$ cat upload25.txt   # compact mmCIF, C-alpha atoms
# COMPACT_ATOMS: atom_id res chain seq x y z
CA MET N 21 7.54 6.55 -2.87
CA ARG N 22 6.24 4.02 -5.37
CA GLU N 23 4.50 0.83 -4.21
CA ILE N 24 2.66 -1.97 -5.98
CA ILE N 25 -0.19 -3.56 -4.05
CA PHE N 26 -0.41 -7.02 -5.55
CA ASP N 27 -1.93 -10.47 -5.18
CA THR N 28 -1.52 -13.85 -6.82
CA GLU N 29 -3.69 -16.88 -7.43
CA THR N 30 -2.07 -20.29 -7.74
CA THR N 31 -2.77 -23.90 -8.66
CA GLY N 32 -2.29 -24.96 -5.04
CA LEU N 33 -0.41 -24.29 -1.82
CA GLU N 34 3.04 -25.81 -2.51
CA PHE N 35 5.28 -23.20 -4.12
CA LYS N 36 7.91 -25.78 -5.06
CA ASN N 37 5.42 -27.71 -7.20
CA ASP N 38 2.40 -25.48 -7.79
CA ARG N 39 2.39 -22.52 -10.14
CA VAL N 40 1.20 -18.93 -10.31
CA ILE N 41 -1.85 -18.58 -12.55
CA GLU N 42 -2.91 -14.96 -11.94
CA ILE N 43 -1.16 -11.76 -10.87
CA GLY N 44 -2.84 -8.43 -10.23
CA GLY N 45 -1.25 -5.18 -9.09
CA ILE N 46 -2.26 -1.59 -8.28
CA GLU N 47 0.28 1.23 -8.36
CA LEU N 48 0.48 3.69 -5.46
CA LEU N 49 2.60 6.82 -5.49
CA ASN N 50 3.11 8.36 -2.05
CA HIS N 51 0.28 6.10 -0.83
CA PHE N 52 -2.18 7.37 -3.43
CA PRO N 53 -3.52 5.28 -6.36
CA THR N 54 -2.24 6.47 -9.71
CA GLY N 55 -4.78 4.57 -11.80
CA ARG N 56 -2.12 2.27 -13.28
CA SER N 57 -2.61 -1.46 -12.85
CA PHE N 58 -1.19 -4.79 -13.95
CA HIS N 59 -3.21 -7.94 -14.53
CA VAL N 60 -2.43 -11.20 -16.26
CA TYR N 61 -3.56 -14.84 -16.28
CA ILE N 62 -0.80 -17.43 -16.70
CA ASN N 63 -0.74 -20.91 -18.19
CA PRO N 64 0.81 -23.24 -15.57
CA GLY N 65 1.97 -25.78 -18.14
CA ASP N 66 1.37 -29.36 -17.10
CA ARG N 67 0.37 -28.40 -13.55
CA ARG N 68 -3.36 -28.74 -12.91
CA VAL N 69 -5.45 -26.54 -10.62
CA HIS N 70 -6.13 -28.31 -7.33
CA PRO N 71 -9.86 -28.68 -6.52
CA ASP N 72 -9.42 -26.81 -3.23
CA ALA N 73 -7.77 -23.91 -5.05
CA LEU N 74 -10.47 -23.96 -7.72
CA ALA N 75 -13.11 -23.56 -5.00
CA VAL N 76 -11.33 -20.40 -3.81
CA HIS N 77 -10.65 -18.56 -7.07
CA GLY N 78 -12.73 -20.39 -9.70
CA ILE N 79 -9.98 -20.36 -12.35
CA THR N 80 -10.20 -23.56 -14.39
CA ASP N 81 -7.60 -25.48 -16.38
CA ASP N 82 -9.67 -24.99 -19.50
CA PHE N 83 -9.68 -21.21 -19.02
CA LEU N 84 -5.89 -21.14 -18.64
CA LYS N 85 -4.91 -23.34 -21.57
CA ASP N 86 -4.60 -20.48 -24.08
CA LYS N 87 -2.95 -18.02 -21.66
CA PRO N 88 0.77 -17.13 -21.85
CA THR N 89 3.28 -19.03 -19.73
CA PHE N 90 5.25 -17.22 -17.03
CA ASP N 91 8.35 -16.81 -19.19
CA ARG N 92 6.24 -14.84 -21.70
CA ILE N 93 5.02 -12.28 -19.12
CA VAL N 94 8.04 -11.99 -16.80
CA ASP N 95 9.59 -8.97 -18.54
CA GLU N 96 6.30 -7.08 -18.48
CA LEU N 97 5.87 -7.98 -14.80
CA LEU N 98 9.35 -6.79 -13.84
CA GLU N 99 8.94 -3.59 -15.83
CA PHE N 100 5.75 -2.72 -13.97
CA PHE N 101 7.28 -3.49 -10.55
CA ASP N 102 10.66 -1.93 -11.30
CA GLY N 103 11.80 0.44 -8.55
CA ALA N 104 8.72 -0.18 -6.39
CA ARG N 105 8.05 -1.93 -3.13
CA TRP N 106 6.04 -5.16 -3.34
CA VAL N 107 3.05 -4.97 -0.95
CA ALA N 108 0.87 -8.03 -0.32
CA HIS N 109 -1.34 -9.56 2.35
CA ASN N 110 0.49 -12.56 3.81
CA ALA N 111 3.35 -11.61 1.51
CA SER N 112 5.47 -14.66 2.36
CA PHE N 113 2.96 -16.84 0.48
CA ASP N 114 2.87 -14.69 -2.66
CA MET N 115 6.62 -14.04 -2.68
CA SER N 116 7.47 -17.72 -2.30
CA PHE N 117 5.53 -18.42 -5.51
CA ILE N 118 6.87 -15.38 -7.38
CA ASN N 119 10.47 -16.17 -6.44
CA ALA N 120 10.00 -19.84 -7.33
CA GLU N 121 8.86 -18.74 -10.81
CA PHE N 122 11.90 -16.46 -11.09
CA GLU N 123 14.21 -19.29 -10.01
CA ARG N 124 12.83 -21.58 -12.73
CA LEU N 125 13.87 -18.94 -15.26
CA GLY N 126 17.25 -18.23 -13.68
CA ARG N 127 16.11 -14.79 -12.48
CA PRO N 128 17.17 -13.36 -9.11
CA PRO N 129 14.61 -13.31 -6.28
CA VAL N 130 12.96 -10.12 -5.07
CA PRO N 131 15.03 -8.71 -2.16
CA GLY N 132 13.26 -9.05 1.15
CA GLU N 133 13.75 -5.38 2.00
CA LEU N 134 11.48 -4.45 -0.92
CA VAL N 135 8.56 -6.51 0.42
CA ILE N 136 5.87 -5.19 2.79
CA ASP N 137 3.45 -7.63 4.43
CA THR N 138 0.13 -5.97 5.21
CA LEU N 139 -0.90 -8.96 7.33
CA ALA N 140 2.04 -8.27 9.67
CA LEU N 141 1.07 -4.58 9.74
CA ALA N 142 -2.53 -5.48 10.57
CA ARG N 143 -1.49 -7.84 13.37
CA ARG N 144 0.57 -5.08 14.97
CA LYS N 145 -2.21 -2.52 14.58
CA HIS N 146 -5.05 -4.88 15.55
CA PRO N 147 -3.50 -7.60 17.74
CA MET N 148 -6.90 -9.02 18.71
CA GLY N 149 -7.78 -9.60 15.04
CA PRO N 150 -9.30 -10.94 12.91
CA ASN N 151 -7.02 -9.67 10.15
CA SER N 152 -8.12 -11.41 6.97
CA LEU N 153 -8.72 -9.12 4.00
CA ASP N 154 -12.49 -9.50 4.39
CA ALA N 155 -12.27 -8.71 8.12
CA LEU N 156 -10.15 -5.62 7.47
CA CYS N 157 -12.62 -4.42 4.84
CA ARG N 158 -15.39 -4.68 7.44
CA ARG N 159 -13.25 -2.90 10.03
CA TYR N 160 -12.53 0.04 7.74
CA GLY N 161 -15.95 0.21 6.10
CA ILE N 162 -14.73 -0.84 2.65
CA ASP N 163 -17.40 -2.39 0.43
CA ASN N 164 -16.33 -5.90 -0.61
CA SER N 165 -19.80 -7.27 -1.31
CA HIS N 166 -18.78 -7.96 -4.94
CA ARG N 167 -15.99 -10.30 -3.79
CA THR N 168 -17.69 -13.68 -4.17
CA LYS N 169 -14.41 -15.43 -5.04
CA HIS N 170 -10.75 -14.51 -4.75
CA GLY N 171 -9.28 -12.67 -7.72
CA ALA N 172 -5.81 -11.15 -7.94
CA LEU N 173 -6.82 -7.76 -9.32
CA LEU N 174 -9.96 -7.35 -7.22
CA ASP N 175 -8.11 -8.36 -4.06
CA SER N 176 -5.33 -5.90 -4.92
CA GLU N 177 -7.86 -3.09 -5.28
CA LEU N 178 -9.42 -3.91 -1.90
CA LEU N 179 -6.03 -4.30 -0.25
CA ALA N 180 -4.93 -0.91 -1.59
CA GLU N 181 -7.87 0.70 0.21
CA VAL N 182 -7.13 -1.26 3.39
CA TYR N 183 -3.44 -0.38 3.25
CA ILE N 184 -4.16 3.34 2.91
CA GLU N 185 -6.54 3.17 5.88
CA MET N 186 -3.98 1.31 8.01
CA LEU N 187 -1.44 4.04 7.28
CA GLY N 188 -3.76 6.69 8.65
CA GLY N 189 -6.68 6.95 6.32
CA ARG N 190 -7.44 8.73 3.10
CA GLN N 191 -6.66 12.13 4.57
CA ALA N 192 -3.12 11.03 5.42
CA ALA N 193 -2.71 9.84 1.83
CA PHE N 194 -4.22 12.96 0.30
CA GLY N 195 -0.90 14.36 -0.94
CA LEU N 196 -1.99 17.85 -1.93
CA MET N 197 -0.02 19.16 -4.90
CA PRO N 198 0.07 22.94 -5.55
CA THR N 199 -1.05 24.35 -8.88
CA ASP N 200 -0.34 27.67 -10.61
CA GLN N 201 -3.62 29.14 -9.40
CA GLY N 202 -2.72 28.83 -5.72
CA ARG N 203 -5.09 25.92 -5.41
CA SER N 204 -4.46 22.26 -4.80
CA ARG N 205 -5.19 19.07 -6.71
CA ALA N 206 -5.83 15.91 -4.68
CA GLY N 207 -3.48 13.33 -6.15
CA SER N 208 -4.79 11.51 -9.20
CA GLY N 209 -8.15 10.26 -7.96
CA ALA N 210 -10.99 9.34 -10.25
CA ASP N 211 -12.75 12.71 -9.94
CA ASN N 212 -9.46 14.65 -9.76
CA GLU N 213 -11.10 17.03 -7.30
CA VAL N 214 -9.59 20.52 -7.04
CA ILE N 215 -9.65 22.06 -3.59
CA ASP N 216 -9.27 25.78 -3.00
CA ILE N 217 -6.63 26.44 -0.30
CA SER N 218 -5.96 30.06 -1.25
CA TYR N 219 -8.37 31.56 1.32
CA GLU N 220 -6.94 34.30 3.55
CA ARG N 221 -8.68 35.58 6.69
CA PRO N 222 -9.73 39.19 6.01
CA ARG N 223 -8.92 40.29 9.57
CA PRO N 224 -6.49 38.55 11.95
CA LEU N 225 -7.96 37.05 15.10
CA PRO N 226 -7.24 39.08 18.26
CA PRO N 227 -4.61 37.67 20.65
CA ARG N 228 -5.94 35.55 23.51
CA ILE N 229 -3.41 36.80 26.09
CA SER N 230 -3.19 40.28 27.56
CA ALA N 231 -0.28 42.75 27.35
CA ILE N 232 0.43 42.16 31.07
CA GLU N 233 0.69 38.38 30.48
CA ILE N 234 3.04 38.95 27.55
CA GLU N 235 5.30 41.18 29.70
CA GLY N 236 5.26 38.65 32.53
CA HIS N 237 6.25 35.84 30.16
CA ALA N 238 9.15 37.91 28.78
CA ALA N 239 10.38 38.65 32.31
CA LEU N 240 10.24 34.95 33.22
CA VAL N 241 12.24 33.98 30.12
CA ALA N 242 14.85 36.62 31.02
CA ARG N 243 15.18 35.33 34.61
CA LEU N 244 15.54 31.73 33.41
CA GLY N 245 18.19 32.83 30.93
CA GLN N 246 20.18 34.55 33.70
CA LYS N 247 19.97 31.43 35.89
CA ALA N 248 21.26 29.29 33.04
CA ILE N 249 24.22 31.64 32.53
CA TRP N 250 25.15 31.57 36.24
CA ALA N 251 24.84 27.79 36.40
CA LYS N 252 27.20 27.44 33.46
CA TYR N 253 29.64 29.92 35.06
CA GLU N 254 29.65 28.07 38.41
CA ALA N 255 30.28 24.74 36.70
CA GLN N 256 33.46 25.97 35.07
$ encode --input "upload25.txt" --output "structure tokens"
Amino acid sequence: MREIIFDTETTGLEFKNDRVIEIGGIELLNHFPTGRSFHVYINPGDRRVHPDALAVHGITDDFLKDKPTFDRIVDELLEFFDGARWVAHNASFDMSFINAEFERLGRPPVPGELVIDTLALARRKHPMGPNSLDALCRRYGIDNSHRTKHGALLDSELLAEVYIEMLGGRQAAFGLMPTDQGRSRAGSGADNEVIDISYERPRPLPPRISAIEIEGHAALVARLGQKAIWAKYEAQ
């Protein structure tokens, strides 16, 4: 299963008028990072960054003026996301902006069934909250000390770690893949660690039940089987 953990930064909060100015995404395959990512800054045209938004992400109008417009990056974006689920924290916010950009270009919206909202997952898993990205990083022991401002790619990287933990932790996402040597390679992590799983116990462990207990169990199963046969016969 292929998923893209992604985040956006925008000029403001109104998707009908404001614009997307940054998109970052991290690819997961079977809940394990592949190392592939997507990141782009986008020129919002004549829309200016709202001061409140600037305080959150620090992306200035001057920085964006030489960046490509959305129509120049849309094909690259869709190619990276093609066939994957879109996973975001408070996904309704990000998807409203993404789909608004698609609509301006006459492109179809992303189907809702392809979108996963990690905020909704967190609220079900931790109903007492808090469930902001920073709070979830603290809950799962994920270092976010370098997150002084919001950034689409950085937030995607943190969210990918949070998402894996919410699904059961790194062990659940391990995805061991057999190799020719009877060993196993753990996904495609940075160190690409190889784990030996070919060990065989030199001598089997002795049984923990006696021969008398085994005979007694067999006799009980036989009696229950006979009772089941008679009950079926009497019901006919």
$ closest_residue --input "upload25.txt" --among "N:Leu178, N:Ala238, N:Leu134, N:Pro64" --to "Gly44 (chain N)" --atoms "only C-alpha atoms"
N:Leu178
$ residues_around --input "upload25.txt" --residues "region 69-83 of chain N" --least-positions-apart "4" --cutoff "6 Å" --atoms "only C-alpha atoms" --output "ChimeraX atom specification"
/N:31-32,169-170
$ closest_atom_pairs --input "upload25.txt" --of "region 36-117 of chain N" --to "region 136-150 of chain N" --cutoff "7 Å" --atoms "only C-alpha atoms" --output "JSON lines"
{"residue": "N:Trp106", "atom": "CA", "partner": "N:Ile136", "partner_atom": "CA", "distance": 6.1}
{"residue": "N:Val107", "atom": "CA", "partner": "N:Ile136", "partner_atom": "CA", "distance": 4.7}
{"residue": "N:Ala108", "atom": "CA", "partner": "N:Asp137", "partner_atom": "CA", "distance": 5.4}
{"residue": "N:His109", "atom": "CA", "partner": "N:Thr138", "partner_atom": "CA", "distance": 4.8}
{"residue": "N:Asn110", "atom": "CA", "partner": "N:Leu139", "partner_atom": "CA", "distance": 5.2}
{"residue": "N:Ala111", "atom": "CA", "partner": "N:Asp137", "partner_atom": "CA", "distance": 4.9}
$ closest_residue --input "upload25.txt" --among "N:Glu47, N:Asp91, N:Asp154, N:Asp27" --to "Arg127 (chain N)" --atoms "all atoms listed in the file"
N:Asp91
$ residues_near_point --input "upload25.txt" --point "(-14.5, -7.9, -1.6)" --cutoff "12 Å" --atoms "only C-alpha atoms" --output "list of chain:residue names"
N:Ser152, N:Leu153, N:Asp154, N:Ala155, N:Leu156, N:Cys157, N:Arg158, N:Gly161, N:Ile162, N:Asp163, N:Asn164, N:Ser165, N:His166, N:Arg167, N:Thr168, N:Lys169, N:His170, N:Gly171, N:Ala172, N:Leu173, N:Leu174, N:Asp175, N:Ser176, N:Glu177, N:Leu178, N:Leu179, N:Ala180, N:Glu181, N:Val182
$ closest_residue --input "upload25.txt" --among "N:Ala239, N:Leu84, N:Leu187, N:Leu98" --to "Asn119 (chain N)" --atoms "all atoms listed in the file"
N:Leu98
$ atom_distance --input "upload25.txt" --atom1 "CA of Ile24 (chain N)" --atom2 "CA of Val40 (chain N)"
17.6 Å
$ closest_residue --input "upload25.txt" --among "N:Glu23, N:Glu235, N:Asp86, N:Glu185" --to "Gly103 (chain N)" --atoms "only C-alpha atoms"
N:Glu23
$ closest_residue --input "upload25.txt" --among "N:Glu34, N:Glu123, N:Glu42, N:Asp114" --to "Pro88 (chain N)" --atoms "all atoms listed in the file"
N:Glu42
$ closest_residue --input "upload25.txt" --among "N:Tyr183, N:Phe26, N:Tyr160, N:Tyr61" --to "Lys85 (chain N)" --atoms "all atoms listed in the file"
N:Tyr61
$ atom_distance --input "upload25.txt" --atom1 "CA of Phe101 (chain N)" --atom2 "CA of Phe58 (chain N)"
9.2 Å
$ atom_distance --input "upload25.txt" --atom1 "CA of Lys36 (chain N)" --atom2 "CA of Glu96 (chain N)"
23.1 Å
$ decode --input "upload25.txt" --residues "region 100-131 of chain N" --atoms "N, CA, C and O atoms" --output "mmCIF file, in the first residue's frame"
data_model
loop_
_atom_site.group_PDB
_atom_site.id
_atom_site.type_symbol
_atom_site.label_atom_id
_atom_site.label_comp_id
_atom_site.auth_asym_id
_atom_site.auth_seq_id
_atom_site.Cartn_x
_atom_site.Cartn_y
_atom_site.Cartn_z
ATOM 1 N N PHE N 100 3.722 12.365 -8.607
ATOM 2 C CA PHE N 100 4.254 11.843 -7.350
ATOM 3 C C PHE N 100 3.150 11.184 -6.521
ATOM 4 O O PHE N 100 3.375 10.155 -5.875
ATOM 5 N N PHE N 101 1.958 11.754 -6.522
ATOM 6 C CA PHE N 101 0.848 11.242 -5.715
ATOM 7 C C PHE N 101 0.053 10.149 -6.429
ATOM 8 O O PHE N 101 -0.821 9.533 -5.817
ATOM 9 N N ASP N 102 0.333 9.908 -7.673
ATOM 10 C CA ASP N 102 -0.481 8.993 -8.465
ATOM 11 C C ASP N 102 -0.556 7.601 -7.832
ATOM 12 O O ASP N 102 0.464 6.983 -7.525
ATOM 13 N N GLY N 103 -1.786 7.110 -7.632
ATOM 14 C CA GLY N 103 -2.009 5.783 -7.093
ATOM 15 C C GLY N 103 -1.845 5.668 -5.598
ATOM 16 O O GLY N 103 -1.956 4.563 -5.051
ATOM 17 N N ALA N 104 -1.588 6.771 -4.902
ATOM 18 C CA ALA N 104 -1.346 6.732 -3.457
ATOM 19 C C ALA N 104 -2.508 7.361 -2.699
ATOM 20 O O ALA N 104 -3.315 8.104 -3.257
ATOM 21 N N ARG N 105 -2.563 7.051 -1.422
ATOM 22 C CA ARG N 105 -3.492 7.739 -0.531
ATOM 23 C C ARG N 105 -2.847 9.023 -0.038
ATOM 24 O O ARG N 105 -1.647 9.081 0.182
ATOM 25 N N TRP N 106 -3.666 10.064 0.126
ATOM 26 C CA TRP N 106 -3.201 11.363 0.600
ATOM 27 C C TRP N 106 -3.421 11.405 2.110
ATOM 28 O O TRP N 106 -4.561 11.338 2.575
ATOM 29 N N VAL N 107 -2.344 11.532 2.894
ATOM 30 C CA VAL N 107 -2.426 11.481 4.352
ATOM 31 C C VAL N 107 -1.945 12.813 4.923
ATOM 32 O O VAL N 107 -0.804 13.226 4.673
ATOM 33 N N ALA N 108 -2.819 13.487 5.676
ATOM 34 C CA ALA N 108 -2.453 14.786 6.237
ATOM 35 C C ALA N 108 -3.092 14.960 7.609
ATOM 36 O O ALA N 108 -4.069 14.291 7.955
ATOM 37 N N HIS N 109 -2.524 15.862 8.388
ATOM 38 C CA HIS N 109 -3.065 16.193 9.703
ATOM 39 C C HIS N 109 -4.040 17.358 9.546
ATOM 40 O O HIS N 109 -3.659 18.418 9.055
ATOM 41 N N ASN N 110 -5.287 17.127 9.953
ATOM 42 C CA ASN N 110 -6.384 18.057 9.640
ATOM 43 C C ASN N 110 -6.502 18.167 8.119
ATOM 44 O O ASN N 110 -6.407 19.244 7.527
ATOM 45 N N ALA N 111 -6.722 17.013 7.502
ATOM 46 C CA ALA N 111 -6.670 16.898 6.041
ATOM 47 C C ALA N 111 -7.698 17.770 5.337
ATOM 48 O O ALA N 111 -7.481 18.184 4.199
ATOM 49 N N SER N 112 -8.836 18.060 5.988
ATOM 50 C CA SER N 112 -9.855 18.871 5.328
ATOM 51 C C SER N 112 -9.306 20.247 4.963
ATOM 52 O O SER N 112 -9.673 20.819 3.926
ATOM 53 N N PHE N 113 -8.418 20.790 5.797
ATOM 54 C CA PHE N 113 -7.816 22.094 5.502
ATOM 55 C C PHE N 113 -6.926 21.992 4.265
ATOM 56 O O PHE N 113 -7.089 22.752 3.300
ATOM 57 N N ASP N 114 -6.005 21.046 4.275
ATOM 58 C CA ASP N 114 -5.060 20.922 3.155
ATOM 59 C C ASP N 114 -5.783 20.569 1.859
ATOM 60 O O ASP N 114 -5.476 21.125 0.797
ATOM 61 N N MET N 115 -6.747 19.641 1.946
ATOM 62 C CA MET N 115 -7.431 19.213 0.729
ATOM 63 C C MET N 115 -8.314 20.312 0.154
ATOM 64 O O MET N 115 -8.497 20.388 -1.067
ATOM 65 N N SER N 116 -8.880 21.157 1.003
ATOM 66 C CA SER N 116 -9.688 22.256 0.470
ATOM 67 C C SER N 116 -8.835 23.188 -0.378
ATOM 68 O O SER N 116 -9.278 23.663 -1.436
ATOM 69 N N PHE N 117 -7.593 23.429 0.032
ATOM 70 C CA PHE N 117 -6.686 24.283 -0.742
ATOM 71 C C PHE N 117 -6.202 23.576 -2.003
ATOM 72 O O PHE N 117 -6.173 24.175 -3.086
ATOM 73 N N ILE N 118 -5.821 22.299 -1.866
ATOM 74 C CA ILE N 118 -5.349 21.547 -3.032
ATOM 75 C C ILE N 118 -6.442 21.461 -4.093
ATOM 76 O O ILE N 118 -6.212 21.704 -5.291
ATOM 77 N N ASN N 119 -7.644 21.107 -3.669
ATOM 78 C CA ASN N 119 -8.748 20.970 -4.623
ATOM 79 C C ASN N 119 -9.157 22.305 -5.228
ATOM 80 O O ASN N 119 -9.596 22.361 -6.386
ATOM 81 N N ALA N 120 -9.023 23.381 -4.459
ATOM 82 C CA ALA N 120 -9.304 24.712 -5.009
ATOM 83 C C ALA N 120 -8.299 25.057 -6.107
ATOM 84 O O ALA N 120 -8.663 25.636 -7.145
ATOM 85 N N GLU N 121 -7.045 24.683 -5.902
ATOM 86 C CA GLU N 121 -6.024 24.905 -6.939
ATOM 87 C C GLU N 121 -6.336 24.064 -8.175
ATOM 88 O O GLU N 121 -6.215 24.537 -9.316
ATOM 89 N N PHE N 122 -6.754 22.812 -7.975
ATOM 90 C CA PHE N 122 -7.119 21.963 -9.108
ATOM 91 C C PHE N 122 -8.306 22.555 -9.873
ATOM 92 O O PHE N 122 -8.336 22.545 -11.106
ATOM 93 N N GLU N 123 -9.289 23.053 -9.134
ATOM 94 C CA GLU N 123 -10.484 23.618 -9.772
ATOM 95 C C GLU N 123 -10.120 24.818 -10.637
ATOM 96 O O GLU N 123 -10.676 24.994 -11.728
ATOM 97 N N ARG N 124 -9.187 25.647 -10.180
ATOM 98 C CA ARG N 124 -8.782 26.817 -10.969
ATOM 99 C C ARG N 124 -8.171 26.404 -12.306
ATOM 100 O O ARG N 124 -8.212 27.172 -13.271
ATOM 101 N N LEU N 125 -7.617 25.200 -12.349
ATOM 102 C CA LEU N 125 -6.995 24.703 -13.574
ATOM 103 C C LEU N 125 -7.897 23.748 -14.345
ATOM 104 O O LEU N 125 -7.476 23.159 -15.341
ATOM 105 N N GLY N 126 -9.123 23.569 -13.867
ATOM 106 C CA GLY N 126 -10.040 22.655 -14.533
ATOM 107 C C GLY N 126 -9.705 21.193 -14.301
ATOM 108 O O GLY N 126 -10.109 20.325 -15.082
ATOM 109 N N ARG N 127 -8.975 20.900 -13.223
ATOM 110 C CA ARG N 127 -8.615 19.528 -12.878
ATOM 111 C C ARG N 127 -9.631 18.959 -11.891
ATOM 112 O O ARG N 127 -10.179 19.698 -11.068
ATOM 113 N N PRO N 128 -9.868 17.650 -11.921
ATOM 114 C CA PRO N 128 -10.813 17.054 -10.977
ATOM 115 C C PRO N 128 -10.253 17.054 -9.558
ATOM 116 O O PRO N 128 -9.030 17.010 -9.368
ATOM 117 N N PRO N 129 -11.127 17.093 -8.557
ATOM 118 C CA PRO N 129 -10.659 17.058 -7.165
ATOM 119 C C PRO N 129 -10.159 15.665 -6.789
ATOM 120 O O PRO N 129 -10.441 14.676 -7.471
ATOM 121 N N VAL N 130 -9.432 15.598 -5.704
ATOM 122 C CA VAL N 130 -8.973 14.315 -5.176
ATOM 123 C C VAL N 130 -10.164 13.612 -4.528
ATOM 124 O O VAL N 130 -10.842 14.206 -3.682
ATOM 125 N N PRO N 131 -10.482 12.375 -4.894
ATOM 126 C CA PRO N 131 -11.616 11.669 -4.283
ATOM 127 C C PRO N 131 -11.438 11.532 -2.774
ATOM 128 O O PRO N 131 -10.338 11.249 -2.284
#
